[in-house]
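Engineer: Hey, dropping upload00.txt in here, compact mmCIF, C-alpha atoms:
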# COMPACT_ATOMS: atom_id res chain seq x y z
CA MET A 189 67.19 84.95 -131.34
CA LEU A 190 64.28 86.76 -132.94
CA GLY A 191 66.54 89.75 -133.48
CA VAL A 192 69.10 87.64 -135.30
CA GLY A 193 66.46 86.00 -137.47
CA THR A 194 65.11 89.38 -138.37
CA LEU A 195 68.33 90.61 -139.86
CA ALA A 196 68.67 87.58 -142.04
CA THR A 197 65.13 87.83 -143.39
CA CYS A 198 65.29 91.48 -144.31
CA ARG A 199 65.75 92.96 -147.75
CA SER A 200 68.61 95.41 -148.18
CA GLU A 201 70.22 97.19 -151.09
CA SER A 202 73.74 98.51 -151.54
CA LYS A 203 74.01 101.24 -154.15
CA ASP A 204 77.78 101.11 -153.97
CA HIS A 205 77.89 97.49 -155.03
CA GLY A 206 74.62 97.27 -156.92
CA THR A 207 73.72 94.23 -154.86
CA ILE A 208 70.32 93.26 -153.59
CA LEU A 209 70.18 90.69 -150.82
CA GLU A 210 66.82 89.10 -150.31
CA ALA A 211 66.51 86.19 -147.93
CA ARG A 212 63.22 84.38 -147.53
CA PRO A 213 62.55 81.51 -145.11
CA VAL A 214 62.33 78.13 -146.82
CA SER A 215 60.97 75.21 -144.84
CA ASP A 216 61.02 71.51 -145.46
CA SER A 217 59.66 68.68 -143.36
CA LYS A 218 62.33 69.39 -140.77
CA GLY A 219 61.94 73.18 -140.70
CA PHE A 220 64.74 75.53 -141.75
CA ARG A 221 67.54 73.90 -143.72
CA HIS A 222 71.02 73.91 -142.21
CA ALA A 223 72.81 74.01 -145.51
CA LYS A 224 76.49 73.29 -144.96
CA ASP A 225 76.18 70.90 -147.90
CA SER A 226 74.53 73.40 -150.26
CA LYS A 227 77.00 76.30 -150.32
CA THR A 228 77.48 76.06 -154.07
CA ALA A 229 73.88 77.24 -154.52
CA VAL A 230 74.37 80.34 -152.38
CA ALA A 231 75.74 83.54 -153.91
CA GLY A 232 76.54 85.23 -150.62
CA TYR A 233 76.05 84.96 -146.89
CA VAL A 234 74.71 87.31 -144.23
CA LEU A 235 76.32 87.52 -140.81
CA ALA A 236 73.84 88.54 -138.11
CA ILE A 237 74.84 89.22 -134.50
CA ASP A 238 72.43 89.84 -131.65
CA VAL A 239 73.82 91.53 -128.53
CA GLY A 240 71.30 90.62 -125.86
CA THR A 241 71.23 91.27 -122.15
CA THR A 242 72.79 87.94 -121.21
CA THR A 243 74.13 86.50 -124.49
CA ILE A 244 75.82 87.56 -127.71
CA GLN A 245 74.61 85.27 -130.50
CA GLY A 246 75.96 85.10 -134.04
CA ILE A 247 74.48 83.27 -137.05
CA VAL A 248 75.53 82.99 -140.67
CA TYR A 249 72.57 82.74 -143.05
CA GLY A 250 72.48 81.59 -146.63
CA LYS A 251 70.46 83.05 -149.48
CA GLN A 252 67.30 81.20 -148.45
CA ALA A 253 67.69 82.15 -144.77
CA GLU A 254 69.02 78.71 -143.91
CA ILE A 255 71.34 78.59 -140.91
CA VAL A 256 74.89 77.77 -141.98
CA GLY A 257 76.74 78.31 -138.70
CA SER A 258 76.36 79.84 -135.26
CA ALA A 259 78.23 80.72 -132.10
CA SER A 260 77.44 82.48 -128.82
CA GLU A 261 79.07 83.83 -125.69
CA LYS A 262 77.67 85.00 -122.36
CA THR A 263 77.95 88.71 -121.64
CA ALA A 264 79.94 89.70 -118.58
CA LEU A 265 77.47 91.75 -116.53
CA LEU A 266 78.91 93.75 -113.62
CA TYR A 267 77.07 94.59 -110.40
CA PRO A 268 79.32 97.10 -108.55
CA ARG A 269 76.54 98.09 -106.14
CA PRO A 270 73.01 96.85 -105.37
CA GLY A 271 70.74 97.98 -108.21
CA TRP A 272 73.62 98.92 -110.52
CA VAL A 273 74.11 96.97 -113.76
CA GLU A 274 77.12 97.64 -115.99
CA LEU A 275 79.14 96.26 -118.90
CA GLU A 276 82.76 97.02 -119.68
CA PRO A 277 82.70 98.67 -123.17
CA GLU A 278 86.02 97.36 -124.48
CA ALA A 279 85.31 93.87 -123.17
CA LEU A 280 81.90 93.86 -124.88
CA TYR A 281 83.48 94.86 -128.18
CA GLU A 282 86.08 92.11 -127.85
CA GLN A 283 83.30 89.59 -127.15
CA PHE A 284 81.45 90.80 -130.24
CA VAL A 285 84.53 90.24 -132.41
CA ARG A 286 85.16 86.79 -130.91
CA VAL A 287 81.56 85.73 -131.58
CA ALA A 288 81.76 87.01 -135.17
CA GLN A 289 84.97 85.08 -135.80
CA ALA A 290 83.69 81.92 -134.10
CA THR A 291 80.49 82.05 -136.14
CA LEU A 292 82.47 82.16 -139.37
CA ARG A 293 84.62 79.23 -138.23
CA ASP A 294 81.54 77.18 -137.37
CA SER A 295 79.96 77.90 -140.75
CA GLY A 296 83.04 77.12 -142.77
CA VAL A 297 82.32 80.26 -144.80
CA LYS A 298 85.15 82.54 -145.84
CA ALA A 299 84.97 86.14 -144.66
CA SER A 300 85.14 87.24 -148.30
CA GLU A 301 81.81 85.45 -148.90
CA ILE A 302 80.00 87.58 -146.30
CA VAL A 303 78.10 90.25 -148.22
CA ALA A 304 76.57 92.06 -145.25
CA LEU A 305 76.65 92.33 -141.45
CA GLY A 306 73.48 93.01 -139.46
CA ILE A 307 73.52 93.99 -135.78
CA ALA A 308 70.65 93.75 -133.27
CA THR A 309 71.22 95.09 -129.78
CA GLN A 310 69.55 95.49 -126.43
CA ARG A 311 68.10 98.96 -126.04
CA GLY A 312 68.78 101.68 -123.52
CA THR A 313 72.26 100.50 -122.47
CA PHE A 314 74.69 103.36 -123.08
CA CYS A 315 78.14 104.77 -122.46
CA THR A 316 80.08 107.89 -123.41
CA TRP A 317 83.61 108.21 -124.78
CA HIS A 318 86.18 110.86 -125.58
CA ARG A 319 85.82 112.18 -129.10
CA GLU A 320 89.57 112.49 -129.71
CA THR A 321 90.95 109.39 -127.99
CA GLY A 322 87.97 107.05 -128.44
CA LYS A 323 88.41 105.86 -124.86
CA PRO A 324 85.26 105.17 -122.78
CA LEU A 325 84.59 107.66 -120.00
CA HIS A 326 82.73 105.08 -117.92
CA ASN A 327 81.20 101.63 -118.18
CA LEU A 328 78.04 100.91 -120.14
CA LEU A 329 75.05 101.55 -117.88
CA GLY A 330 72.56 98.72 -118.44
CA TRP A 331 68.87 99.23 -119.13
CA GLN A 332 68.12 97.35 -115.89
CA ASP A 333 70.23 99.78 -113.84
CA LEU A 334 68.33 101.50 -111.01
CA ARG A 335 70.83 104.15 -109.89
CA ALA A 336 68.61 106.94 -111.25
CA SER A 337 65.42 105.69 -109.57
CA HIS A 338 65.39 108.62 -107.14
CA LEU A 339 65.65 111.05 -110.06
CA VAL A 340 62.79 109.29 -111.83
CA LYS A 341 60.60 109.62 -108.74
CA ASP A 342 61.54 113.24 -108.14
CA TRP A 343 60.96 114.32 -111.74
CA ASN A 344 57.65 112.47 -112.12
CA HIS A 345 56.33 114.27 -109.04
CA SER A 346 58.02 117.63 -109.60
CA PHE A 347 56.11 120.90 -109.96
CA THR A 348 58.01 121.72 -113.16
CA PHE A 349 57.03 118.45 -114.79
CA LYS A 350 53.39 118.76 -113.74
CA CYS A 351 53.30 122.27 -115.21
CA LEU A 352 54.71 120.93 -118.47
CA GLN A 353 52.11 118.18 -118.57
CA GLY A 354 49.32 120.65 -117.80
CA SER A 355 50.48 123.01 -120.54
CA CYS A 356 50.58 120.18 -123.05
CA LYS A 357 47.06 119.12 -122.05
CA LEU A 358 45.83 122.62 -122.85
CA LEU A 359 47.72 122.69 -126.15
CA HIS A 360 46.23 119.33 -127.08
CA ALA A 361 42.73 120.54 -126.18
CA PHE A 362 43.07 123.44 -128.62
CA SER A 363 45.20 121.84 -131.36
CA ARG A 364 44.24 118.12 -131.06
CA GLN A 365 47.82 117.31 -132.01
CA GLN A 366 48.87 113.91 -130.70
CA ARG A 367 52.35 115.21 -130.01
CA PHE A 368 50.96 117.35 -127.18
CA GLN A 369 48.75 114.54 -125.92
CA ALA A 370 51.77 112.25 -125.69
CA ALA A 371 53.77 114.89 -123.80
CA SER A 372 50.86 115.46 -121.40
CA ILE A 373 51.01 111.85 -120.17
CA LEU A 374 54.77 111.36 -120.44
CA ARG A 375 56.41 109.73 -117.43
CA PHE A 376 60.05 108.94 -116.91
CA SER A 377 61.24 105.42 -116.13
CA THR A 378 64.56 103.91 -115.15
CA GLN A 379 64.66 101.90 -118.38
CA GLN A 380 64.97 105.08 -120.41
CA VAL A 381 68.40 106.56 -121.01
CA SER A 382 67.35 110.11 -120.14
CA LEU A 383 67.68 110.26 -116.34
CA ARG A 384 70.50 107.70 -116.15
CA LEU A 385 72.41 110.05 -118.46
CA VAL A 386 71.53 112.97 -116.17
CA TRP A 387 72.92 110.95 -113.24
CA ALA A 388 76.12 110.25 -115.18
CA LEU A 389 76.58 113.92 -116.12
CA LYS A 390 76.28 114.89 -112.46
CA ASN A 391 78.38 112.12 -110.91
CA ILE A 392 81.18 111.22 -113.35
CA PRO A 393 83.80 114.01 -113.35
CA GLN A 394 85.60 112.96 -116.55
CA LEU A 395 82.29 112.96 -118.42
CA GLY A 396 81.52 116.50 -117.29
CA ALA A 397 85.00 117.62 -118.34
CA ALA A 398 84.62 116.06 -121.81
CA VAL A 399 81.26 117.79 -122.27
CA ARG A 400 82.71 121.17 -121.35
CA GLU A 401 85.58 120.61 -123.82
CA GLY A 402 83.18 119.55 -126.58
CA ASN A 403 84.82 116.12 -126.74
CA CYS A 404 82.00 113.88 -125.52
CA CYS A 405 80.38 111.20 -127.69
CA PHE A 406 77.22 109.44 -126.47
CA GLY A 407 76.00 106.12 -127.74
CA CYS A 408 73.98 103.05 -126.92
CA ILE A 409 75.52 99.66 -127.69
CA ASP A 410 74.75 99.95 -131.41
CA THR A 411 76.59 103.27 -131.73
CA TRP A 412 79.56 102.07 -129.66
CA LEU A 413 79.96 98.90 -131.75
CA LEU A 414 79.65 100.83 -135.03
CA TYR A 415 82.30 103.26 -133.84
CA LYS A 416 84.69 100.48 -132.83
CA LEU A 417 84.06 98.19 -135.81
CA THR A 418 84.78 101.01 -138.26
CA ASN A 419 87.84 102.21 -136.33
CA GLY A 420 86.14 105.49 -135.41
CA GLN A 421 84.96 106.29 -138.93
CA VAL A 422 81.21 105.90 -138.29
CA TYR A 423 79.33 107.65 -135.50
CA ALA A 424 75.59 107.03 -135.85
CA THR A 425 72.50 105.26 -134.53
CA ASP A 426 69.20 104.19 -136.08
CA TYR A 427 65.61 105.21 -135.38
CA SER A 428 64.68 102.02 -133.53
CA ASN A 429 67.46 102.47 -130.98
CA ALA A 430 66.97 106.23 -130.70
CA SER A 431 63.26 105.77 -129.99
CA ALA A 432 64.03 103.78 -126.83
CA THR A 433 66.20 106.42 -125.17
CA GLY A 434 63.42 108.67 -123.88
CA VAL A 435 65.18 111.63 -125.51
CA PHE A 436 63.75 111.15 -129.02
CA ASP A 437 60.70 112.88 -130.51
CA PRO A 438 59.01 110.43 -132.92
CA PHE A 439 56.62 113.13 -134.11
CA GLN A 440 59.51 115.28 -135.34
CA MET A 441 61.87 112.32 -135.99
CA GLU A 442 64.75 114.00 -134.15
CA TRP A 443 66.32 114.34 -130.72
CA ASN A 444 63.97 116.20 -128.39
CA GLY A 445 65.50 119.63 -127.84
CA LEU A 446 62.90 120.68 -125.27
CA LEU A 447 63.51 117.62 -123.14
CA CYS A 448 67.28 118.08 -123.41
CA SER A 449 66.88 121.67 -122.24
CA LEU A 450 64.60 120.63 -119.39
CA LEU A 451 67.07 117.99 -118.17
CA SER A 452 70.22 120.04 -118.93
CA ILE A 453 71.50 117.42 -121.38
CA PRO A 454 73.76 118.91 -124.09
CA PRO A 455 72.11 117.80 -127.40
CA GLU A 456 75.40 117.98 -129.29
CA ILE A 457 76.61 114.77 -127.65
CA PHE A 458 73.99 112.66 -129.48
CA PRO A 459 74.86 110.82 -132.71
CA PRO A 460 73.17 111.39 -136.09
CA ILE A 461 70.14 109.14 -136.67
CA ARG A 462 70.04 106.97 -139.79
CA ASP A 463 67.53 104.59 -141.35
CA THR A 464 67.57 101.06 -139.94
CA GLY A 465 68.11 99.49 -143.37
CA HIS A 466 71.14 101.52 -144.37
CA ILE A 467 74.78 100.95 -145.31
CA PHE A 468 76.25 102.51 -142.19
CA GLY A 469 79.82 101.88 -143.24
CA TYR A 470 82.41 99.12 -143.56
CA ILE A 471 84.08 97.28 -140.72
CA ASP A 472 87.83 97.53 -140.41
CA LYS A 473 89.75 94.72 -142.15
CA ALA A 474 91.44 93.84 -138.87
CA VAL A 475 88.13 92.44 -137.55
CA LEU A 476 87.44 89.67 -140.10
CA GLY A 477 90.24 90.08 -142.60
CA VAL A 478 88.03 91.81 -145.15
CA SER A 479 85.91 94.96 -145.17
CA VAL A 480 82.24 93.97 -144.79
CA PRO A 481 79.36 96.49 -145.04
CA VAL A 482 77.15 96.99 -141.99
CA ALA A 483 73.79 96.85 -143.79
CA ALA A 484 71.39 97.02 -140.82
CA VAL A 485 71.40 98.15 -137.19
CA ILE A 486 68.22 97.59 -135.22
CA ALA A 487 66.99 97.43 -131.63
CA ASP A 488 66.23 93.89 -130.54
CA GLN A 489 62.52 94.31 -129.81
CA GLN A 490 61.79 95.96 -133.15
CA ALA A 491 63.86 93.19 -134.72
CA ALA A 492 61.70 90.65 -132.91
CA MET A 493 58.59 92.30 -134.40
CA PHE A 494 60.02 91.70 -137.86
CA GLY A 495 61.03 88.16 -136.95
CA GLU A 496 57.46 87.48 -135.79
CA CYS A 497 56.16 88.83 -139.14
CA CYS A 498 54.36 91.81 -137.59
CA PHE A 499 54.26 93.56 -140.96
CA THR A 500 50.64 94.74 -140.82
CA ARG A 501 49.22 97.67 -138.87
CA GLY A 502 47.59 96.37 -135.72
CA ASP A 503 49.98 93.44 -135.32
CA VAL A 504 51.13 92.99 -131.71
CA LYS A 505 54.22 91.19 -130.47
CA LEU A 506 54.91 89.99 -126.93
CA THR A 507 58.44 88.89 -126.03
CA MET A 508 59.15 87.30 -122.66
CA GLY A 509 62.89 87.11 -122.05
CA THR A 510 65.02 89.01 -119.55
CA GLY A 511 62.14 91.49 -119.62
CA THR A 512 58.59 91.40 -120.97
CA PHE A 513 58.01 93.66 -123.97
CA VAL A 514 54.81 94.47 -125.85
CA ASN A 515 55.05 96.30 -129.17
CA MET A 516 52.37 97.18 -131.73
CA ASN A 517 52.80 98.08 -135.38
CA THR A 518 50.78 101.30 -135.75
CA GLY A 519 51.70 101.88 -139.37
CA GLU A 520 53.58 104.80 -140.81
CA ASP A 521 52.71 107.44 -138.21
CA PRO A 522 53.34 107.58 -134.46
CA TYR A 523 50.25 107.02 -132.35
CA THR A 524 49.60 108.10 -128.79
CA ALA A 525 48.06 105.22 -126.86
CA VAL A 526 46.78 105.23 -123.30
CA ALA A 527 47.08 101.91 -121.52
CA ALA A 528 45.18 101.20 -118.32
CA SER A 529 46.69 98.91 -115.75
CA GLU A 530 45.93 97.73 -112.26
CA GLN A 531 48.79 96.82 -109.96
CA ALA A 532 49.15 95.48 -106.49
CA ARG A 533 49.35 97.90 -103.59
CA HIS A 534 53.12 98.21 -103.85
CA PRO A 535 54.26 99.45 -107.27
CA HIS A 536 57.09 96.89 -107.41
CA HIS A 537 54.75 93.92 -106.99
CA SER A 538 53.56 92.00 -110.03
CA ALA A 539 50.69 93.43 -112.05
CA ASN A 540 47.33 91.77 -111.41
CA ARG A 541 45.74 92.88 -114.65
CA THR A 542 46.93 94.80 -117.68
CA THR A 543 44.67 95.71 -120.58
CA THR A 544 44.95 98.12 -123.44
CA THR A 545 42.64 99.39 -126.14
CA PRO A 546 44.37 99.55 -129.52
CA PRO A 547 43.79 102.40 -131.97
CA PRO A 548 40.79 101.86 -134.27
CA PRO A 549 41.50 101.00 -137.93
CA SER A 550 40.71 104.56 -138.99
CA LYS A 551 43.64 105.76 -136.89
CA LEU A 552 46.10 103.34 -138.46
CA PRO A 553 47.18 104.58 -141.92
CA HIS A 554 48.15 102.12 -144.61
CA LEU A 555 51.65 100.78 -144.08
CA ARG A 556 53.71 101.91 -147.06
CA HIS A 557 57.17 101.46 -145.59
CA SER A 558 59.00 99.07 -143.33
CA PRO A 559 57.39 98.88 -139.88
CA PHE A 560 60.79 99.94 -138.51
CA SER A 561 61.29 103.04 -140.65
CA ARG A 562 59.54 104.89 -137.83
CA PRO A 563 59.41 104.03 -134.13
CA CYS A 564 55.88 102.62 -133.95
CA ALA A 565 55.09 100.97 -130.64
CA VAL A 566 52.28 101.03 -128.15
CA THR A 567 53.57 100.92 -124.61
CA ILE A 568 51.80 99.18 -121.79
CA SER A 569 52.72 100.73 -118.50
CA GLY A 570 51.02 101.96 -115.40
CA ASN A 571 51.21 102.56 -111.68
CA LYS A 572 48.56 102.88 -108.97
CA GLN A 573 45.72 102.54 -111.50
CA LYS A 574 46.84 105.63 -113.41
CA PRO A 575 46.79 105.22 -117.18
CA THR A 576 50.19 106.04 -118.58
CA THR A 577 52.16 105.78 -121.74
CA MET A 578 55.52 107.04 -122.95
CA LEU A 579 56.01 109.72 -125.58
CA GLY A 580 55.40 108.32 -129.03
CA GLY A 581 55.50 104.75 -127.85
CA PHE A 582 58.76 104.58 -125.93
CA PRO A 583 59.09 100.88 -125.11
CA ALA A 584 58.17 99.74 -121.62
CA CYS A 585 60.37 97.13 -119.97
CA PHE A 586 58.85 95.00 -117.24
CA SER A 587 61.10 92.92 -115.05
CA ARG A 588 60.00 89.34 -114.48
CA ARG A 589 58.34 90.30 -111.22
CA ASN A 590 56.61 93.20 -112.93
CA SER A 591 55.45 91.26 -116.00
CA PRO A 592 51.82 91.71 -117.01
CA ARG A 593 49.79 88.55 -116.51
CA SER A 594 47.60 89.13 -119.54
CA VAL A 595 47.88 91.25 -122.64
CA TRP A 596 45.92 91.57 -125.83
CA GLY A 597 46.95 89.62 -128.87
CA ARG A 598 46.66 90.26 -132.60
CA CYS A 599 44.36 92.85 -134.21
CA ASP A 600 43.22 92.42 -137.80
CA PRO A 601 41.78 95.74 -139.03
CA SER A 602 41.29 94.26 -142.51
CA ARG A 603 38.55 92.06 -140.99
CA GLY A 604 36.89 94.98 -139.29
CA GLN A 605 38.05 94.06 -135.82
CA LYS A 606 37.92 97.06 -133.53
CA SER A 607 39.65 95.43 -130.62
CA CYS A 608 42.36 92.85 -130.15
CA LYS A 609 41.49 89.28 -129.42
CA GLY A 610 43.46 86.69 -127.57
CA GLY A 611 45.82 86.86 -124.67
CA VAL A 612 48.85 85.40 -122.97
Kindly transcribe the structure held in the file into structure tokens.

Structural biologist:
Amino acid sequence: MLGVGTLATCRSESKDHGTILEARPVSDSKGFRHAKDSKTAVAGYVLAIDVGTTTIQGIVYGKQAEIVGSASEKTALLYPRPGWVELEPEALYEQFVRVAQATLRDSGVKASEIVALGIATQRGTFCTWHRETGKPLHNLLGWQDLRASHLVKDWNHSFTFKCLQGSCKLLHAFSRQQRFQAASILRFSTQQVSLRLVWALKNIPQLGAAVREGNCCFGCIDTWLLYKLTNGQVYATDYSNASATGVFDPFQMEWNGLLCSLLSIPPEIFPPIRDTGHIFGYIDKAVLGVSVPVAAVIADQQAAMFGECCFTRGDVKLTMGTGTFVNMNTGEDPYTAVAASEQARHPHHSANRTTTTPPPPSKLPHLRHSPFSRPCAVTISGNKQKPTTMLGGFPACFSRRNSPRSVWGRCDPSRGQKSCKGGV
């Protein structure tokens, strides 16, 4: 629910309508107001929908971020084989629409009173579809899916990859550019889209045919929902979702052409990347009866950072849900962080100790923009006592059995703290 709360407490502007929506939390003795009896004081409502791993949750918020109505529905996860996790794309879209409609009914708000729709989604779950027909070429492959685990192992230990890492180490030694340092310690994981997409390109015939014809569209859940909600008029993603794919270069703020070339992924299948706070387009009238602007699309963990008020450089957020996620606000620029971890003898056993040293205050520039305008996250990951990170802070996803038992808490550079205090 942090992702949903985020979208209601954000500030967005529509140049087309000249409207500024600013929702701020207002608490009374009972917490947030559920204001079904105060609609006359509200100029417009925000509909926020969070597509999580297990649940789709919708909430209608009033002007003061009070909850006016809500609805939810369990996602229909598919397990066709051991280790495989899928979602049926059309079924997921239909669930999304049902939740949106049920949320409006529960709130008693008319669709014409909704001034903006915000969408938060799980990261790294993707599908592809035919550019001309709009029909999915396969099911959504979930971020928990392990079908590419053998590719991950092979690539991480391959001679080609080790040569790339070695070259980047040399380039970093001469240039001191963090981009090369990040590439020198890059490791693939099954949670990233990259090698699951490679698996799909090799094993799904209709996908390969669409690529050869130039008719393949790729998208994570956010892109797929945008495409469907706008009746095929909008094909885009945002930076927070792109940064979790493993195919995005946060130092150049674009899809990583070198990595695409290395993995034989055609870069033309990827959608354009837009700002998180952006009028992506307008949903088709058939969905809610009126055309509502989609004013924000954001990955759920970055949304949770906003919901936890991690607005300041050095702020750290830990979410423990289907997975355990640690994210740090590093300010305006990407930062390469090395996290040290110690795990049990078998890499799939739970971590005994996980620690990380955050960047010193001098390395964290003043935050002048939204913490989500750039993918800023420190990743905690590791295997066999080797310090690892992911390029530019690609998010790490621990399963419950792989969750770190202790992590650092909040840093406050303004107080001169050079390390994080606290723990979980």

Engineer: Given only C-alpha atoms as the basis, pick out the residue of A:Leu383, A:Leu447, A:Leu476, A:Leu325 nearest to Cys405 (chain A).

Structural biologist: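 Distance minimum relative to Cys405 (chain A) lands on A:Leu325.
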
Engineer: Which residues are near Leu265 (chain A)? Cut-off 10 Å, only C-alpha atoms, ignore same chain within fewer than 6 positions. Put them as a compact mmCIF listing (two decimals) with C-alpha atoms, in the coordinates of the input.

Structural biologist:
# COMPACT_ATOMS: atom_id res chain seq x y z
CA THR A 241 71.23 91.27 -122.15
CA THR A 242 72.79 87.94 -121.21
CA VAL A 273 74.11 96.97 -113.76
CA GLU A 274 77.12 97.64 -115.99
CA LEU A 275 79.14 96.26 -118.90
CA GLU A 276 82.76 97.02 -119.68
CA LEU A 280 81.90 93.86 -124.88
CA LEU A 328 78.04 100.91 -120.14
CA GLY A 330 72.56 98.72 -118.44

Engineer: Need to verify the contact set: Ala279 (chain A), 10 Å, all atoms listed in the file, exclusion of same-chain residues closer than 4 positions in sequence. Can you return it as a ChimeraX atom specification?

Structural biologist: /A:263-264,275,283-285

Engineer: Show which residues sit within 9 Å of Asn344 (chain A), as a short mmCIF file (atom, residue, chain, number, x, y, z; two decimals) with C-alpha atoms, in the frame of the given file. Count all atoms listed in the file, and ignore same-chain residues fewer than 2 positions away.

Structural biologist:
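Written out: part.cif:
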data_model
loop_
_atom_site.label_atom_id
_atom_site.label_comp_id
_atom_site.auth_asym_id
_atom_site.auth_seq_id
_atom_site.Cartn_x
_atom_site.Cartn_y
_atom_site.Cartn_z
CA LEU A 339 65.65 111.05 -110.06
CA VAL A 340 62.79 109.29 -111.83
CA LYS A 341 60.60 109.62 -108.74
CA ASP A 342 61.54 113.24 -108.14
CA SER A 346 58.02 117.63 -109.60
CA PHE A 347 56.11 120.90 -109.96
CA PHE A 349 57.03 118.45 -114.79
CA LYS A 350 53.39 118.76 -113.74
CA LEU A 374 54.77 111.36 -120.44
CA ARG A 375 56.41 109.73 -117.43
CA PHE A 376 60.05 108.94 -116.91
CA SER A 377 61.24 105.42 -116.13
#

Engineer: Between CA of Ser295 (chain A) and CA of Ala253 (chain A), what is the distance, to one decimal in Å?

Structural biologist: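 Computing it gives 13.6 Å between the two atoms.
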
Engineer: Would you pick out the contacts of Arg293 (chain A) at 9 Å or less, using only C-alpha atoms, so that residues sharing its chain but fewer than 5 positions from it are not included, and give the list as a ChimeraX atom specification?

Structural biologist: /A:257-259,288,298

Engineer: Might you pull out every residue within 9 Å of Val297 (chain A), with all atoms listed in the file counted and same-chain residues fewer than 5 positions away left off, and present them as number ranges by chain?

Structural biologist: A: 227, 233, 248, 256-257, 292, 302

Engineer: Smallest atom-to-atom distance to Ala474 (chain A): which of A:Cys497, A:Cys404, A:Val386, A:Leu417, using all atoms listed in the file?

Structural biologist: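 That would be A:Leu417, the residue with the smallest distance to Ala474 (chain A).
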
Engineer: Measuring between all atoms listed in the file, which one of A:Tyr470, A:Trp343, A:Leu385, A:Ala308 shows the shortest distance to Phe494 (chain A)?

Structural biologist: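 When distances to Phe494 (chain A) are compared using all atoms listed in the file, the smallest one comes from A:Ala308.
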
Engineer: Just how far from CA of Ile471 (chain A) is CA of Ala304 (chain A), in Å to one decimal?

Structural biologist: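 Separation of CA of Ala304 (chain A) and CA of Ile471 (chain A): 10.2 Å.
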
Engineer: Which of these, A:Ala432, A:Val287, A:Ile255, A:Ala370, has the shortest distance to Thr243 (chain A) once you count all atoms listed in the file?

Structural biologist: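 Answer, going by the shortest atom-to-atom distance: A:Val287.
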
Engineer: Hey, can you pull every residue with an atom no more than 12 Å from (84.3, 94.6, -140.7), using all atoms listed in the file, and send it as a VMD selection string?

Structural biologist: chain A and resid 235 284 to 285 288 to 289 299 to 300 302 to 307 413 to 419 421 to 422 468 to 483

Engineer: Region 276-375 of chain A near region 435-441 of chain A within 12 Å: what's each residue's closest atom pair and its distance in Å to one decimal, counting only C-alpha atoms, ordered by chain then ascending residue number, as JSON lines?

Structural biologist:
{"residue": "A:Gly312", "atom": "CA", "partner": "A:Val435", "partner_atom": "CA", "distance": 10.8}
{"residue": "A:Gln365", "atom": "CA", "partner": "A:Phe439", "partner_atom": "CA", "distance": 10.0}
{"residue": "A:Gln366", "atom": "CA", "partner": "A:Phe439", "partner_atom": "CA", "distance": 8.5}
{"residue": "A:Arg367", "atom": "CA", "partner": "A:Phe439", "partner_atom": "CA", "distance": 6.3}
{"residue": "A:Phe368", "atom": "CA", "partner": "A:Phe439", "partner_atom": "CA", "distance": 9.9}
{"residue": "A:Gln369", "atom": "CA", "partner": "A:Phe439", "partner_atom": "CA", "distance": 11.4}
{"residue": "A:Ala370", "atom": "CA", "partner": "A:Phe439", "partner_atom": "CA", "distance": 9.8}
{"residue": "A:Ala371", "atom": "CA", "partner": "A:Asp437", "partner_atom": "CA", "distance": 9.9}
{"residue": "A:Leu374", "atom": "CA", "partner": "A:Val435", "partner_atom": "CA", "distance": 11.6}

Engineer: Can you work out the spacing between CA of Thr378 (chain A) and CA of Thr433 (chain A) in Å, to one decimal?

Structural biologist: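 Spanning CA of Thr378 (chain A) to CA of Thr433 (chain A) is a straight-line distance of 10.5 Å.
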
Engineer: Sorted by chain and rising residue number, which residues of region 294-321 of chain A lie within 7 Å of region 487-491 of chain A, and what are their closest atom pairs and distances in Å to one decimal, counting all atoms listed in the file, as a tab-separated table?

Structural biologist:
residue	atom	partner	partner_atom	distance
A:Ala308	CA	A:Asp488	CA	5.2
A:Thr309	CA	A:Ala487	CA	5.2
A:Gln310	CA	A:Asp488	CA	5.5
A:Arg311	CA	A:Ala487	CA	5.9

Engineer: Between A:Tyr427, A:Phe513, A:Trp412, A:Tyr249, which one has atoms that come closest to Gly296 (chain A), using all atoms listed in the file?

Structural biologist: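 Nearest to Gly296 (chain A): A:Tyr249.
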
Engineer: Using all atoms listed in the file, can you list as JSON, numbers by chain the residues within 8 Å of (79.3, 117.2, -127.2)?

Structural biologist: {"A": [398, 399, 400, 401, 402, 403, 404, 405, 454, 455, 456, 457, 458]}

Engineer: Atoms to include: C-alpha atoms. Write the selected residues as a PDB file, in the coordinates of the input.

Structural biologist:
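This went into result.pdb:
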ATOM      1  CA  ALA A 398      84.620 116.060-121.810  1.00  0.00           C
ATOM      2  CA  VAL A 399      81.260 117.790-122.270  1.00  0.00           C
ATOM      3  CA  ARG A 400      82.710 121.170-121.350  1.00  0.00           C
ATOM      4  CA  GLU A 401      85.580 120.610-123.820  1.00  0.00           C
ATOM      5  CA  GLY A 402      83.180 119.550-126.580  1.00  0.00           C
ATOM      6  CA  ASN A 403      84.820 116.120-126.740  1.00  0.00           C
ATOM      7  CA  CYS A 404      82.000 113.880-125.520  1.00  0.00           C
ATOM      8  CA  CYS A 405      80.380 111.200-127.690  1.00  0.00           C
ATOM      9  CA  PRO A 454      73.760 118.910-124.090  1.00  0.00           C
ATOM     10  CA  PRO A 455      72.110 117.800-127.400  1.00  0.00           C
ATOM     11  CA  GLU A 456      75.400 117.980-129.290  1.00  0.00           C
ATOM     12  CA  ILE A 457      76.610 114.770-127.650  1.00  0.00           C
ATOM     13  CA  PHE A 458      73.990 112.660-129.480  1.00  0.00           C
TER      14      PHE A 458
END
